[in-house]
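**Q** Okay, here's the structure, questions in a sec.
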Amino acid sequence: MSGAIEHKQRNTAGRKRGGHRSAVDAVALLSVPVVLIACALSGMQQTALISTLSVLVALVPFFVNLELDRLTPRDIMPIVVFATLAVAGRIVFAPLPNIKPVSAIVIMAGLSFGRHSGFMVGALAALVSNLFFGQGPWTPWQMYAWGLMGYGAGVLEDHGAFKHKAIVFVYAALAPLLYGVIMDSYFVVGYLGEINTASVLTAYGLGALSSLAHAVATVIFLVPIYLPWTHKLKRLKYKYGISTL
């Protein structure tokens, strides 16, 4: 009972800080596409470096927010567990391109433990798994894209959108498409020597099939775990007073 009371008190305190945090989050999340558009329109050199640095800047507020919340080990544990599951899933399914459970796990983290937990799970999953798959300038973009996926799941859960189960699976289908757009944008800005309509359409067109496979796989992985994980995680949150971040 004490865990449930503490859980309620801490989440209420968190909601009082929600307005300020949401504004900071919005600035961080919007900074990347603004820089991308500016680089593309100006034809600025070293766009890969500039855009990569912008993603790293966007990640900073999320790590700072988690530090300022004075989290206990039990609050951090779900992030660690979900990130570990996502990394393991990506490695196990490595032989199957675009068929990975990572996105499904990131979405579950966001809707179960909050937007910041979802973001952290997505970011850490990309960072750690790339120790196996290879680090590079694409890593912060994957961190941002998967983090945004978990963050969006947390936001929709906060606003009651996921009361209808069908909406969860619609999100699971659409979020990987956004992931694909972000990663294709990195390719366009970072690697295309000349950015024009034809080259951009070709780049996004080639990435569309991979994004579609990613979306289908995410729904397939999410269907069998959504209900049982949701019920069990909800019980754990109230029993042990784990915060929604």
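Each chain in the structure tokens gets a letter, A, B, ..., in the order shown, and its residues are numbered from 1; ligands are numbered from 1 in order too.
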Which residues are near A:Gly114? Cut-off 12 Å, only C-alpha atoms, ignore same chain within fewer than 6 positions. Put them as a PyMOL selection string.
**A** chain A and resi 11+14-15+18+66+75-76+78-79+106-108+120-121+147+149-159+234+237+242-245
**Q** Work out how far apart atom CA of A:Asn98 and atom CA of A:Val219 are and give it in Å to one decimal.
**A**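 Result for atom CA of A:Asn98 versus atom CA of A:Val219: 12.5 Å, one decimal.
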**Q** Quick one: of A:Ile99, A:Val188, A:Val57, A:Leu49, who's nearest to A:Ala215, counting only C-alpha atoms?
**A** A:Ile99
**Q** For stretch 35-127 of chain A versus stretch 160-181 of chain A, which residues have an atom no more than 9 Å away, and what is each residue's nearest atom pair and distance in Å rounded to one decimal, using only C-alpha atoms, chain-then-number order, as CSV?
**A**
residue,atom,partner,partner_atom,distance
A:Ser103,CA,A:Pro176,CA,7.3
A:Ala104,CA,A:Ala172,CA,7.1
A:Ile107,CA,A:Ala172,CA,7.4
A:Leu111,CA,A:Phe162,CA,8.3
**Q** I'd like to know which of A:Pro73, A:Gly205, A:Gly190, A:Gly122 is closest to A:Pro137, using only C-alpha atoms.
**A**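 The answer is A:Gly190, which sits nearest to A:Pro137.
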**Q** Quick check, in Å to one decimal: how far apart do atom CA of A:Ala23 and atom CA of A:Gly110 lie?
**A** 18.6 Å
**Q** Please compute the atom CA of A:Ile220-atom CA of A:Val80 distance, one decimal, in Å.
**A**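 If I compute the distance from atom CA of A:Ile220 to atom CA of A:Val80, I get 23.7 Å.
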**Q** Check the smallest atom-to-atom distance from each of A:Val35, A:Leu233, A:Ile182, A:Val64 to A:His116 using only C-alpha atoms, then report the winner.
**A**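 Distance minimum relative to A:His116 lands on A:Val64.
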**Q** For the structure I just gave you, how does DSSP split stretch 24-177 of chain A - specifically, which residues are helix (DSSP H, G or I)? Reply as a PyMOL selection string.
**A** chain A and resi 24-42+47-68+73-92+102-113+115-133+139-158+161-163+165-177
**Q** So, counting only C-alpha atoms, which residue among A:Ser129, A:Ser117, A:Ser185, A:Gln135 is closest to A:Val92?
**A**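 Closest candidate: A:Ser129.
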